[in-house]
$ cat run-v1.cif   # mmCIF, C-alpha atoms
data_protein
#
loop_
_atom_site.group_PDB
_atom_site.id
_atom_site.type_symbol
_atom_site.label_atom_id
_atom_site.label_comp_id
_atom_site.auth_asym_id
_atom_site.auth_seq_id
_atom_site.Cartn_x
_atom_site.Cartn_y
_atom_site.Cartn_z
ATOM 1 C CA MET K 1 -27.323 -71.605 108.350
ATOM 2 C CA LYS K 2 -30.212 -73.068 106.451
ATOM 3 C CA LEU K 3 -32.481 -70.275 107.686
ATOM 4 C CA ARG K 4 -29.975 -67.620 106.572
ATOM 5 C CA SER K 5 -29.731 -69.211 103.114
ATOM 6 C CA LEU K 6 -33.494 -69.338 102.860
ATOM 7 C CA VAL K 7 -33.759 -65.649 103.782
ATOM 8 C CA LEU K 8 -31.137 -64.689 101.219
ATOM 9 C CA PHE K 9 -32.906 -66.754 98.560
ATOM 10 C CA ALA K 10 -36.224 -65.106 99.364
ATOM 11 C CA ALA K 11 -34.642 -61.660 99.214
ATOM 12 C CA SER K 12 -32.992 -62.457 95.882
ATOM 13 C CA LEU K 13 -36.279 -63.776 94.512
ATOM 14 C CA ALA K 14 -38.078 -60.635 95.625
ATOM 15 C CA VAL K 15 -35.521 -58.416 93.891
ATOM 16 C CA GLY K 16 -35.844 -60.489 90.722
ATOM 17 C CA VAL K 17 -39.631 -60.305 90.731
ATOM 18 C CA THR K 18 -39.503 -56.561 91.366
ATOM 19 C CA SER K 19 -37.027 -56.133 88.509
ATOM 20 C CA LEU K 20 -39.187 -58.185 86.149
ATOM 21 C CA ALA K 21 -42.283 -56.249 87.153
ATOM 22 C CA ALA K 22 -40.496 -52.950 86.589
ATOM 23 C CA HIS K 23 -39.228 -54.157 83.220
ATOM 24 C CA ALA K 24 -42.707 -55.322 82.231
ATOM 25 C CA ALA K 25 -44.107 -51.959 83.229
ATOM 26 C CA ASP K 26 -41.603 -50.044 81.088
ATOM 27 C CA PRO K 27 -43.638 -48.169 78.486
ATOM 28 C CA TYR K 28 -42.811 -48.673 74.838
ATOM 29 C CA PRO K 29 -40.824 -47.006 73.450
ATOM 30 C CA SER K 30 -38.373 -46.696 76.322
ATOM 31 C CA LYS K 31 -35.598 -45.154 74.211
ATOM 32 C CA PRO K 32 -35.130 -43.528 70.791
ATOM 33 C CA ILE K 33 -36.201 -45.623 67.787
ATOM 34 C CA THR K 34 -33.913 -46.246 64.838
ATOM 35 C CA MET K 35 -35.589 -46.127 61.432
ATOM 36 C CA ILE K 36 -33.375 -47.852 58.874
ATOM 37 C CA VAL K 37 -33.494 -46.351 55.379
ATOM 38 C CA PRO K 38 -31.655 -48.640 52.919
ATOM 39 C CA PHE K 39 -30.391 -45.765 50.777
ATOM 40 C CA THR K 40 -28.059 -42.799 51.055
ATOM 41 C CA ALA K 41 -29.032 -39.602 52.850
ATOM 42 C CA GLY K 42 -30.599 -36.920 50.693
ATOM 43 C CA GLY K 43 -32.399 -39.305 48.351
ATOM 44 C CA PRO K 44 -36.173 -39.532 47.831
ATOM 45 C CA THR K 45 -36.800 -42.420 50.236
ATOM 46 C CA ASP K 46 -34.698 -40.648 52.859
ATOM 47 C CA THR K 47 -36.908 -37.577 52.408
ATOM 48 C CA VAL K 48 -40.070 -39.626 52.960
ATOM 49 C CA ALA K 49 -38.537 -41.281 56.031
ATOM 50 C CA ARG K 50 -37.463 -38.032 57.661
ATOM 51 C CA THR K 51 -40.840 -36.422 57.033
ATOM 52 C CA VAL K 52 -42.815 -39.344 58.447
ATOM 53 C CA GLY K 53 -40.339 -40.184 61.203
ATOM 54 C CA ALA K 54 -40.465 -36.692 62.677
ATOM 55 C CA ALA K 55 -44.268 -36.835 62.844
ATOM 56 C CA MET K 56 -44.329 -40.372 64.295
ATOM 57 C CA SER K 57 -41.964 -39.204 67.047
ATOM 58 C CA LYS K 58 -44.680 -36.897 68.362
ATOM 59 C CA SER K 59 -47.121 -39.772 68.904
ATOM 60 C CA LEU K 60 -44.535 -42.167 70.299
ATOM 61 C CA GLY K 61 -42.900 -39.719 72.688
ATOM 62 C CA GLN K 62 -39.428 -40.744 71.572
ATOM 63 C CA GLN K 63 -37.206 -39.458 68.802
ATOM 64 C CA ILE K 64 -36.967 -41.505 65.616
ATOM 65 C CA ILE K 65 -33.382 -41.469 64.372
ATOM 66 C CA ILE K 66 -32.787 -42.140 60.674
ATOM 67 C CA GLU K 67 -29.981 -44.588 59.906
ATOM 68 C CA ASN K 68 -28.977 -44.662 56.242
ATOM 69 C CA VAL K 69 -27.666 -48.102 55.252
ATOM 70 C CA GLY K 70 -27.113 -47.931 51.501
ATOM 71 C CA GLY K 71 -25.873 -50.491 49.014
ATOM 72 C CA ALA K 72 -27.002 -53.452 46.922
ATOM 73 C CA GLY K 73 -30.319 -51.939 45.898
ATOM 74 C CA GLY K 74 -31.477 -51.617 49.499
ATOM 75 C CA THR K 75 -30.929 -55.274 50.417
ATOM 76 C CA ILE K 76 -28.152 -54.505 52.923
ATOM 77 C CA GLY K 77 -30.401 -52.172 54.878
ATOM 78 C CA VAL K 78 -33.327 -54.603 54.801
ATOM 79 C CA ALA K 79 -31.071 -57.384 56.099
ATOM 80 C CA ARG K 80 -29.868 -55.078 58.888
ATOM 81 C CA ALA K 81 -33.448 -54.428 59.967
ATOM 82 C CA ILE K 82 -34.336 -58.123 59.880
ATOM 83 C CA ALA K 83 -31.384 -58.934 62.145
ATOM 84 C CA ALA K 84 -32.291 -56.244 64.708
ATOM 85 C CA PRO K 85 -33.876 -57.098 68.095
ATOM 86 C CA ALA K 86 -37.640 -57.550 67.808
ATOM 87 C CA ASP K 87 -38.416 -54.968 70.482
ATOM 88 C CA GLY K 88 -39.797 -52.173 68.311
ATOM 89 C CA HIS K 89 -36.763 -49.943 68.724
ATOM 90 C CA THR K 90 -35.583 -50.668 65.180
ATOM 91 C CA ILE K 91 -37.945 -50.284 62.230
ATOM 92 C CA LEU K 92 -37.533 -50.162 58.467
ATOM 93 C CA LEU K 93 -38.840 -47.766 55.838
ATOM 94 C CA MET K 94 -38.367 -49.253 52.368
ATOM 95 C CA HIS K 95 -39.874 -48.734 48.945
ATOM 96 C CA ILE K 96 -40.954 -50.852 45.979
ATOM 97 C CA GLY K 97 -37.448 -52.339 45.793
ATOM 98 C CA ILE K 98 -38.355 -54.791 48.545
ATOM 99 C CA SER K 99 -40.725 -56.465 46.062
ATOM 100 C CA THR K 100 -38.295 -56.561 43.134
ATOM 101 C CA ALA K 101 -35.286 -57.889 45.049
ATOM 102 C CA PRO K 102 -36.453 -61.554 45.005
ATOM 103 C CA ALA K 103 -36.258 -61.557 41.195
ATOM 104 C CA LEU K 104 -33.165 -59.363 40.893
ATOM 105 C CA TYR K 105 -30.880 -61.072 43.404
ATOM 106 C CA ARG K 106 -29.953 -64.717 42.904
ATOM 107 C CA THR K 107 -28.593 -65.085 46.434
ATOM 108 C CA LEU K 108 -31.064 -63.060 48.505
ATOM 109 C CA LYS K 109 -30.738 -64.385 52.050
ATOM 110 C CA TYR K 110 -34.098 -63.302 53.399
ATOM 111 C CA ASP K 111 -37.786 -63.494 52.581
ATOM 112 C CA ALA K 112 -39.435 -60.155 53.271
ATOM 113 C CA THR K 113 -42.881 -61.772 53.382
ATOM 114 C CA LYS K 114 -41.768 -63.970 56.304
ATOM 115 C CA ASP K 115 -38.918 -62.130 58.024
ATOM 116 C CA LEU K 116 -40.610 -58.794 58.693
ATOM 117 C CA GLU K 117 -43.741 -57.612 60.499
ATOM 118 C CA PRO K 118 -45.712 -55.092 58.390
ATOM 119 C CA ILE K 119 -46.676 -51.783 59.982
ATOM 120 C CA GLY K 120 -48.387 -49.965 57.106
ATOM 121 C CA LEU K 121 -48.200 -48.321 53.693
ATOM 122 C CA VAL K 122 -47.046 -44.704 53.636
ATOM 123 C CA THR K 123 -47.244 -43.151 50.170
ATOM 124 C CA GLU K 124 -46.914 -43.908 46.476
ATOM 125 C CA VAL K 125 -44.595 -41.468 44.759
ATOM 126 C CA PRO K 126 -44.768 -40.750 41.013
ATOM 127 C CA MET K 127 -41.555 -40.593 39.033
ATOM 128 C CA THR K 128 -40.328 -37.960 36.619
ATOM 129 C CA LEU K 129 -38.291 -38.297 33.442
ATOM 130 C CA ILE K 130 -35.656 -35.567 33.578
ATOM 131 C CA SER K 131 -32.439 -34.592 31.794
ATOM 132 C CA LYS K 132 -29.488 -32.307 32.268
ATOM 133 C CA LYS K 133 -30.319 -28.717 31.417
ATOM 134 C CA ASP K 134 -28.482 -28.449 28.107
ATOM 135 C CA ILE K 135 -30.163 -31.375 26.343
ATOM 136 C CA PRO K 136 -31.416 -29.892 23.003
ATOM 137 C CA ALA K 137 -35.068 -30.875 23.510
ATOM 138 C CA ASN K 138 -38.036 -28.960 24.898
ATOM 139 C CA ASN K 139 -40.799 -31.575 24.981
ATOM 140 C CA PHE K 140 -41.146 -35.338 25.112
ATOM 141 C CA SER K 141 -41.322 -35.928 21.381
ATOM 142 C CA GLU K 142 -38.122 -33.927 20.837
ATOM 143 C CA PHE K 143 -36.439 -35.744 23.725
ATOM 144 C CA LEU K 144 -37.455 -39.131 22.346
ATOM 145 C CA ALA K 145 -36.063 -38.240 18.931
ATOM 146 C CA TYR K 146 -32.829 -37.066 20.551
ATOM 147 C CA VAL K 147 -32.415 -40.296 22.553
ATOM 148 C CA LYS K 148 -32.979 -42.484 19.511
ATOM 149 C CA ALA K 149 -30.603 -40.452 17.367
ATOM 150 C CA ASN K 150 -27.851 -40.399 20.003
ATOM 151 C CA LYS K 151 -28.284 -43.760 21.721
ATOM 152 C CA ALA K 152 -24.626 -44.663 21.225
ATOM 153 C CA LYS K 153 -23.301 -41.677 23.148
ATOM 154 C CA ILE K 154 -25.821 -40.661 25.821
ATOM 155 C CA SER K 155 -26.072 -42.097 29.324
ATOM 156 C CA TYR K 156 -28.816 -42.910 31.807
ATOM 157 C CA ALA K 157 -28.127 -42.522 35.548
ATOM 158 C CA ASN K 158 -29.753 -44.587 38.271
ATOM 159 C CA ALA K 159 -29.331 -45.199 41.981
ATOM 160 C CA GLY K 160 -28.103 -48.773 41.542
ATOM 161 C CA ILE K 161 -29.420 -52.141 40.395
ATOM 162 C CA GLY K 162 -32.840 -52.762 41.886
ATOM 163 C CA SER K 163 -33.473 -49.111 42.711
ATOM 164 C CA ALA K 164 -36.669 -47.399 41.628
ATOM 165 C CA SER K 165 -34.735 -45.293 39.122
ATOM 166 C CA HIS K 166 -33.220 -48.460 37.657
ATOM 167 C CA LEU K 167 -36.656 -50.072 37.251
ATOM 168 C CA CYS K 168 -38.127 -46.954 35.661
ATOM 169 C CA GLY K 169 -35.225 -46.673 33.228
ATOM 170 C CA MET K 170 -35.505 -50.341 32.321
ATOM 171 C CA MET K 171 -39.212 -49.929 31.552
ATOM 172 C CA PHE K 172 -38.601 -46.699 29.613
ATOM 173 C CA MET K 173 -35.921 -48.204 27.374
ATOM 174 C CA SER K 174 -38.136 -51.236 26.795
ATOM 175 C CA ALA K 175 -41.086 -49.015 25.908
ATOM 176 C CA ILE K 176 -39.137 -46.976 23.351
ATOM 177 C CA GLU K 177 -37.209 -50.048 22.133
ATOM 178 C CA THR K 178 -33.910 -48.260 22.540
ATOM 179 C CA ASP K 179 -31.021 -49.142 24.865
ATOM 180 C CA VAL K 180 -28.493 -46.588 26.083
ATOM 181 C CA LEU K 181 -25.502 -46.710 28.418
ATOM 182 C CA THR K 182 -26.672 -47.184 32.007
ATOM 183 C CA VAL K 183 -24.586 -45.664 34.800
ATOM 184 C CA PRO K 184 -25.422 -47.056 38.267
ATOM 185 C CA TYR K 185 -24.610 -45.023 41.388
ATOM 186 C CA LYS K 186 -24.612 -45.827 45.095
ATOM 187 C CA GLY K 187 -27.778 -43.881 45.713
ATOM 188 C CA THR K 188 -29.943 -41.222 44.126
ATOM 189 C CA ALA K 189 -28.127 -38.225 45.615
ATOM 190 C CA PRO K 190 -24.796 -38.834 43.806
ATOM 191 C CA ALA K 191 -26.681 -39.651 40.598
ATOM 192 C CA MET K 192 -28.508 -36.323 40.803
ATOM 193 C CA THR K 193 -25.261 -34.500 41.532
ATOM 194 C CA ASP K 194 -23.703 -35.829 38.348
ATOM 195 C CA LEU K 195 -26.837 -35.083 36.331
ATOM 196 C CA LEU K 196 -26.781 -31.476 37.539
ATOM 197 C CA GLY K 197 -23.078 -31.345 36.697
ATOM 198 C CA GLY K 198 -23.666 -32.695 33.186
ATOM 199 C CA GLN K 199 -21.645 -35.895 33.638
ATOM 200 C CA VAL K 200 -24.713 -37.991 32.694
ATOM 201 C CA ASP K 201 -27.589 -37.133 30.387
ATOM 202 C CA PHE K 202 -30.903 -38.218 31.872
ATOM 203 C CA MET K 203 -32.626 -40.214 34.584
ATOM 204 C CA CYS K 204 -36.042 -41.208 35.899
ATOM 205 C CA ASP K 205 -36.459 -40.458 39.579
ATOM 206 C CA GLN K 206 -39.090 -39.940 42.241
ATOM 207 C CA SER K 207 -40.837 -36.580 42.398
ATOM 208 C CA THR K 208 -39.740 -36.313 46.046
ATOM 209 C CA ASN K 209 -36.203 -35.882 44.737
ATOM 210 C CA THR K 210 -36.804 -33.955 41.524
ATOM 211 C CA THR K 211 -39.586 -31.427 42.157
ATOM 212 C CA SER K 212 -37.325 -28.716 43.576
ATOM 213 C CA GLN K 213 -34.809 -29.242 40.774
ATOM 214 C CA ILE K 214 -37.563 -28.992 38.165
ATOM 215 C CA LYS K 215 -39.125 -25.888 39.698
ATOM 216 C CA GLY K 216 -35.690 -24.315 40.034
ATOM 217 C CA GLU K 217 -35.112 -25.008 36.311
ATOM 218 C CA LYS K 218 -31.898 -26.879 37.094
ATOM 219 C CA VAL K 219 -33.066 -29.811 34.962
ATOM 220 C CA LYS K 220 -35.503 -30.350 32.106
ATOM 221 C CA ALA K 221 -38.588 -32.479 32.739
ATOM 222 C CA PHE K 222 -40.315 -34.443 29.974
ATOM 223 C CA GLY K 223 -42.976 -36.469 31.741
ATOM 224 C CA VAL K 224 -44.377 -38.017 34.907
ATOM 225 C CA THR K 225 -45.014 -41.744 35.288
ATOM 226 C CA SER K 226 -48.365 -41.557 37.095
ATOM 227 C CA LYS K 227 -51.784 -42.126 35.508
ATOM 228 C CA THR K 228 -52.679 -38.472 35.992
ATOM 229 C CA ARG K 229 -50.636 -35.272 36.164
ATOM 230 C CA VAL K 230 -48.964 -34.360 39.452
ATOM 231 C CA ALA K 231 -50.614 -31.440 41.250
ATOM 232 C CA SER K 232 -47.304 -29.792 42.132
ATOM 233 C CA LEU K 233 -46.074 -30.117 38.508
ATOM 234 C CA PRO K 234 -49.244 -29.404 36.513
ATOM 235 C CA ASN K 235 -47.495 -28.412 33.294
ATOM 236 C CA ILE K 236 -45.633 -31.705 32.910
ATOM 237 C CA PRO K 237 -47.649 -34.279 30.933
ATOM 238 C CA THR K 238 -47.842 -37.942 31.816
ATOM 239 C CA LEU K 239 -45.783 -40.276 29.665
ATOM 240 C CA ASP K 240 -49.033 -42.019 28.807
ATOM 241 C CA GLU K 241 -50.562 -38.881 27.295
ATOM 242 C CA SER K 242 -47.271 -38.198 25.493
ATOM 243 C CA GLY K 243 -47.530 -41.483 23.618
ATOM 244 C CA LEU K 244 -46.155 -44.210 25.909
ATOM 245 C CA LYS K 245 -49.552 -45.789 26.449
ATOM 246 C CA GLY K 246 -49.951 -47.623 29.736
ATOM 247 C CA PHE K 247 -46.633 -46.405 31.140
ATOM 248 C CA ASN K 248 -47.254 -46.209 34.880
ATOM 249 C CA VAL K 249 -44.646 -46.610 37.616
ATOM 250 C CA GLY K 250 -45.379 -45.589 41.193
ATOM 251 C CA VAL K 251 -42.862 -45.974 43.988
ATOM 252 C CA TRP K 252 -44.747 -47.093 47.067
ATOM 253 C CA HIS K 253 -43.203 -46.980 50.543
ATOM 254 C CA GLY K 254 -43.967 -49.056 53.620
ATOM 255 C CA VAL K 255 -42.839 -49.433 57.226
ATOM 256 C CA TRP K 256 -41.878 -52.775 58.809
ATOM 257 C CA ALA K 257 -40.476 -54.133 62.075
ATOM 258 C CA PRO K 258 -38.338 -57.257 62.609
ATOM 259 C CA LYS K 259 -40.125 -60.608 62.697
ATOM 260 C CA ALA K 260 -41.645 -61.537 66.071
ATOM 261 C CA THR K 261 -42.019 -57.930 67.225
ATOM 262 C CA PRO K 262 -44.967 -58.133 69.682
ATOM 263 C CA LYS K 263 -48.347 -57.215 68.223
ATOM 264 C CA ALA K 264 -48.921 -54.609 70.932
ATOM 265 C CA ILE K 265 -45.835 -52.799 69.666
ATOM 266 C CA THR K 266 -46.643 -53.093 65.959
ATOM 267 C CA ASP K 267 -50.161 -51.838 66.717
ATOM 268 C CA LYS K 268 -48.708 -48.819 68.510
ATOM 269 C CA LEU K 269 -46.344 -48.163 65.609
ATOM 270 C CA ASN K 270 -49.253 -48.372 63.179
ATOM 271 C CA ARG K 271 -51.268 -45.883 65.225
ATOM 272 C CA ALA K 272 -48.274 -43.529 65.221
ATOM 273 C CA LEU K 273 -47.917 -43.945 61.446
ATOM 274 C CA GLN K 274 -51.588 -43.216 60.850
ATOM 275 C CA ASP K 275 -51.369 -40.156 63.115
ATOM 276 C CA ALA K 276 -48.332 -38.975 61.144
ATOM 277 C CA LEU K 277 -50.123 -39.353 57.808
ATOM 278 C CA LYS K 278 -52.969 -37.181 59.134
ATOM 279 C CA ASP K 279 -50.542 -34.464 60.176
ATOM 280 C CA ASP K 280 -51.073 -31.266 58.189
ATOM 281 C CA ASN K 281 -47.322 -30.633 57.979
ATOM 282 C CA VAL K 282 -46.744 -34.103 56.521
ATOM 283 C CA LYS K 283 -49.531 -33.680 53.971
ATOM 284 C CA ALA K 284 -48.221 -30.249 52.994
ATOM 285 C CA ARG K 285 -44.657 -31.515 52.640
ATOM 286 C CA PHE K 286 -45.801 -34.495 50.577
ATOM 287 C CA ALA K 287 -47.810 -32.159 48.331
ATOM 288 C CA GLU K 288 -44.707 -30.034 47.746
ATOM 289 C CA LEU K 289 -42.907 -33.202 46.680
ATOM 290 C CA GLY K 290 -45.621 -34.344 44.289
ATOM 291 C CA THR K 291 -47.183 -37.073 46.393
ATOM 292 C CA ALA K 292 -49.760 -37.677 49.141
ATOM 293 C CA PRO K 293 -50.338 -40.085 52.046
ATOM 294 C CA GLU K 294 -51.891 -43.419 51.160
ATOM 295 C CA PRO K 295 -55.665 -43.597 51.860
ATOM 296 C CA VAL K 296 -56.468 -44.614 55.447
ATOM 297 C CA THR K 297 -57.753 -48.010 54.294
ATOM 298 C CA ARG K 298 -54.298 -48.784 52.864
ATOM 299 C CA GLN K 299 -52.319 -47.749 55.942
ATOM 300 C CA THR K 300 -52.850 -51.041 57.786
ATOM 301 C CA PRO K 301 -50.471 -53.975 58.412
ATOM 302 C CA ASP K 302 -52.773 -56.374 56.553
ATOM 303 C CA MET K 303 -52.862 -54.138 53.489
ATOM 304 C CA LEU K 304 -49.064 -53.838 53.412
ATOM 305 C CA ARG K 305 -48.732 -57.612 53.775
ATOM 306 C CA THR K 306 -51.138 -58.224 50.876
ATOM 307 C CA HIS K 307 -49.602 -55.484 48.739
ATOM 308 C CA LEU K 308 -46.070 -56.843 49.131
ATOM 309 C CA VAL K 309 -47.097 -60.334 48.004
ATOM 310 C CA ALA K 310 -48.949 -58.917 44.990
ATOM 311 C CA GLU K 311 -46.009 -56.687 43.978
ATOM 312 C CA ILE K 312 -43.534 -59.578 44.156
ATOM 313 C CA ALA K 313 -45.827 -61.549 41.847
ATOM 314 C CA LYS K 314 -46.137 -58.558 39.496
ATOM 315 C CA TRP K 315 -42.463 -57.651 39.145
ATOM 316 C CA GLY K 316 -40.938 -61.138 39.100
ATOM 317 C CA PRO K 317 -41.945 -62.028 35.513
ATOM 318 C CA ILE K 318 -41.067 -58.536 34.211
ATOM 319 C CA ILE K 319 -37.547 -58.656 35.615
ATOM 320 C CA LYS K 320 -36.924 -62.243 34.556
ATOM 321 C CA LYS K 321 -38.089 -61.487 31.029
ATOM 322 C CA ALA K 322 -35.674 -58.554 30.875
ATOM 323 C CA GLY K 323 -32.847 -60.829 32.027
ATOM 324 C CA VAL K 324 -31.561 -58.331 34.610
ATOM 325 C CA TYR K 325 -29.833 -59.843 37.643
ATOM 326 C CA ALA K 326 -27.594 -58.665 40.445
ATOM 327 C CA ASP K 327 -25.074 -60.784 42.322
#

$ encode --input "run-v1.cif" --output "structure tokens"
Amino acid sequence: MKLRSLVLFAASLAVGVTSLAAHAADPYPSKPITMIVPFTAGGPTDTVARTVGAAMSKSLGQQIIIENVGGAGGTIGVARAIAAPADGHTILLMHIGISTAPALYRTLKYDATKDLEPIGLVTEVPMTLISKKDIPANNFSEFLAYVKANKAKISYANAGIGSASHLCGMMFMSAIETDVLTVPYKGTAPAMTDLLGGQVDFMCDQSTNTTSQIKGEKVKAFGVTSKTRVASLPNIPTLDESGLKGFNVGVWHGVWAPKATPKAITDKLNRALQDALKDDNVKARFAELGTAPEPVTRQTPDMLRTHLVAEIAKWGPIIKKAGVYAD
């Protein structure tokens, strides 16, 4: 009886060891990867994610599936990513909003500098100041005069408190010392829909979301927020050269994994990201959208970690001074 029990134990142990060995030998990724995008489908960050995700899939040998988790300025999606298993099969693509959330939200339940593993920076997207087509202005000076003269009846659309379009609008109204009605939406796509339909008057949004609308003459464009003109929109001046000296807002994007994701996996994800940002199709698509991949030296986990800390320090005082908070 004892011998039989011993044999059964040995057999069970052998099966367990074999199973563990097989599990350990499973290549990563062993199934499709979910990339969480904390905004609605069709918006600028979604566009960046789908472009990069498709290229990363080639290197990883598994499909990257985009999961749009919108709401609360991206904080719901970030929290979802943080709570995911740390096995590399869930990653996060988020923009500058991850650095402004600590100042905007009084009850933020996570610390992005501690609760996520950085993979790398992706791109920094310029923003464009645009209006509905029938605004009676044809250049920035005329638009500025129109806003000031009609501040009591015009409206500014944004993708929600804490979104890049919200931040840009806040800086713009501060720069021109004029406040107008702000209309927050649950994402950039519905905001753009209402702008095209004439329900709102103007907005400031990423070139990844506005370039096709500008080129198709569906909206009017009055300036870009970068230090230099955007190659795909060469006729649109910077806001700085139009008179708003020093006005510069770039919407950077990064990729993260949940805290405690093994370094071997984050390294593999970083290699896939860097391969994607070298891809000619990615570079061409980014160029069409008015942006470009970050330089290779900025595509590393360490650079993203350092950049996030610096951006939190930069935006915190600006937001607190403006007195803008979200629940």

$ resolve_selection --input "run-v1.cif" --expression "the PyMOL selection byres ((chain K and resi 50) around 12)" --output "ChimeraX atom specification"
/K:34-37,41-49,51-57,63-68,93,208,276,282,285-286

$ closest_residue --input "run-v1.cif" --among "K:Val200, K:Leu304, K:Ala292, K:Leu269" --to "Pro29 of chain K" --atoms "all atoms listed in the file"
K:Leu269

$ closest_residue --input "run-v1.cif" --among "K:Gly323, K:Arg305, K:Ala84, K:Ala221" --to "Arg106 of chain K" --atoms "all atoms listed in the file"
K:Gly323

$ closest_residue --input "run-v1.cif" --among "K:Ile265, K:Ile319, K:Glu217, K:Val122" --to "Lys278 of chain K" --atoms "only C-alpha atoms"
K:Val122

$ resolve_selection --input "run-v1.cif" --expression "the PyMOL selection byres ((chain K and resi 203) around 8)" --output "PyMOL selection string"
chain K and resi 129-131+156-158+165+169+195+201-202+204-205

$ residues_around --input "run-v1.cif" --residues "segment 213-216 of chain K" --least-positions-apart "6" --cutoff "12 Å" --atoms "only C-alpha atoms" --output "PDB file with C-alpha atoms, keeping the file's coordinate frame"
ATOM      1  CA  THR K 128     -40.328 -37.960  36.619  1.00  0.00           C
ATOM      2  CA  LEU K 129     -38.291 -38.297  33.442  1.00  0.00           C
ATOM      3  CA  ILE K 130     -35.656 -35.567  33.578  1.00  0.00           C
ATOM      4  CA  SER K 131     -32.439 -34.592  31.794  1.00  0.00           C
ATOM      5  CA  LYS K 132     -29.488 -32.307  32.268  1.00  0.00           C
ATOM      6  CA  LYS K 133     -30.319 -28.717  31.417  1.00  0.00           C
ATOM      7  CA  MET K 192     -28.508 -36.323  40.803  1.00  0.00           C
ATOM      8  CA  THR K 193     -25.261 -34.500  41.532  1.00  0.00           C
ATOM      9  CA  LEU K 195     -26.837 -35.083  36.331  1.00  0.00           C
ATOM     10  CA  LEU K 196     -26.781 -31.476  37.539  1.00  0.00           C
ATOM     11  CA  ASP K 205     -36.459 -40.458  39.579  1.00  0.00           C
ATOM     12  CA  GLN K 206     -39.090 -39.940  42.241  1.00  0.00           C
ATOM     13  CA  SER K 207     -40.837 -36.580  42.398  1.00  0.00           C
ATOM     14  CA  PHE K 222     -40.315 -34.443  29.974  1.00  0.00           C
ATOM     15  CA  GLY K 223     -42.976 -36.469  31.741  1.00  0.00           C
ATOM     16  CA  VAL K 224     -44.377 -38.017  34.907  1.00  0.00           C
ATOM     17  CA  SER K 232     -47.304 -29.792  42.132  1.00  0.00           C
ATOM     18  CA  LEU K 233     -46.074 -30.117  38.508  1.00  0.00           C
ATOM     19  CA  PRO K 234     -49.244 -29.404  36.513  1.00  0.00           C
ATOM     20  CA  ASN K 235     -47.495 -28.412  33.294  1.00  0.00           C
ATOM     21  CA  ILE K 236     -45.633 -31.705  32.910  1.00  0.00           C
ATOM     22  CA  GLU K 288     -44.707 -30.034  47.746  1.00  0.00           C
ATOM     23  CA  LEU K 289     -42.907 -33.202  46.680  1.00  0.00           C
ATOM     24  CA  GLY K 290     -45.621 -34.344  44.289  1.00  0.00           C
TER      25      GLY K 290
END

$ decode --input "run-v1.cif" --residues "segment 26-54 of chain K" --atoms "C-alpha atoms" --output "PDB file, in the first residue's frame"
ATOM      1  CA  ASP K  26       5.802  28.880 -23.329  1.00  0.00           C
ATOM      2  CA  PRO K  27       7.043  31.739 -25.500  1.00  0.00           C
ATOM      3  CA  TYR K  28       5.787  35.227 -24.786  1.00  0.00           C
ATOM      4  CA  PRO K  29       3.341  36.284 -26.032  1.00  0.00           C
ATOM      5  CA  SER K  30       1.332  33.073 -25.936  1.00  0.00           C
ATOM      6  CA  LYS K  31      -1.964  34.728 -26.901  1.00  0.00           C
ATOM      7  CA  PRO K  32      -3.231  38.023 -28.350  1.00  0.00           C
ATOM      8  CA  ILE K  33      -2.252  41.174 -26.435  1.00  0.00           C
ATOM      9  CA  THR K  34      -4.799  43.752 -25.347  1.00  0.00           C
ATOM     10  CA  MET K  35      -3.703  47.370 -25.712  1.00  0.00           C
ATOM     11  CA  ILE K  36      -5.916  49.583 -23.562  1.00  0.00           C
ATOM     12  CA  VAL K  37      -6.600  53.042 -24.996  1.00  0.00           C
ATOM     13  CA  PRO K  38      -8.330  55.220 -22.362  1.00  0.00           C
ATOM     14  CA  PHE K  39     -10.411  57.119 -24.915  1.00  0.00           C
ATOM     15  CA  THR K  40     -13.183  56.464 -27.405  1.00  0.00           C
ATOM     16  CA  ALA K  41     -12.562  54.804 -30.758  1.00  0.00           C
ATOM     17  CA  GLY K  42     -11.859  57.145 -33.643  1.00  0.00           C
ATOM     18  CA  GLY K  43     -10.019  59.755 -31.590  1.00  0.00           C
ATOM     19  CA  PRO K  44      -6.389  60.838 -32.054  1.00  0.00           C
ATOM     20  CA  THR K  45      -4.886  58.583 -29.375  1.00  0.00           C
ATOM     21  CA  ASP K  46      -6.864  55.656 -30.776  1.00  0.00           C
ATOM     22  CA  THR K  47      -5.354  56.404 -34.193  1.00  0.00           C
ATOM     23  CA  VAL K  48      -1.821  56.353 -32.774  1.00  0.00           C
ATOM     24  CA  ALA K  49      -2.544  53.104 -30.921  1.00  0.00           C
ATOM     25  CA  ARG K  50      -3.945  51.298 -33.944  1.00  0.00           C
ATOM     26  CA  THR K  51      -1.057  52.411 -36.138  1.00  0.00           C
ATOM     27  CA  VAL K  52       1.613  51.339 -33.657  1.00  0.00           C
ATOM     28  CA  GLY K  53      -0.223  48.250 -32.425  1.00  0.00           C
ATOM     29  CA  ALA K  54      -0.528  46.777 -35.905  1.00  0.00           C
TER      30      ALA K  54
END
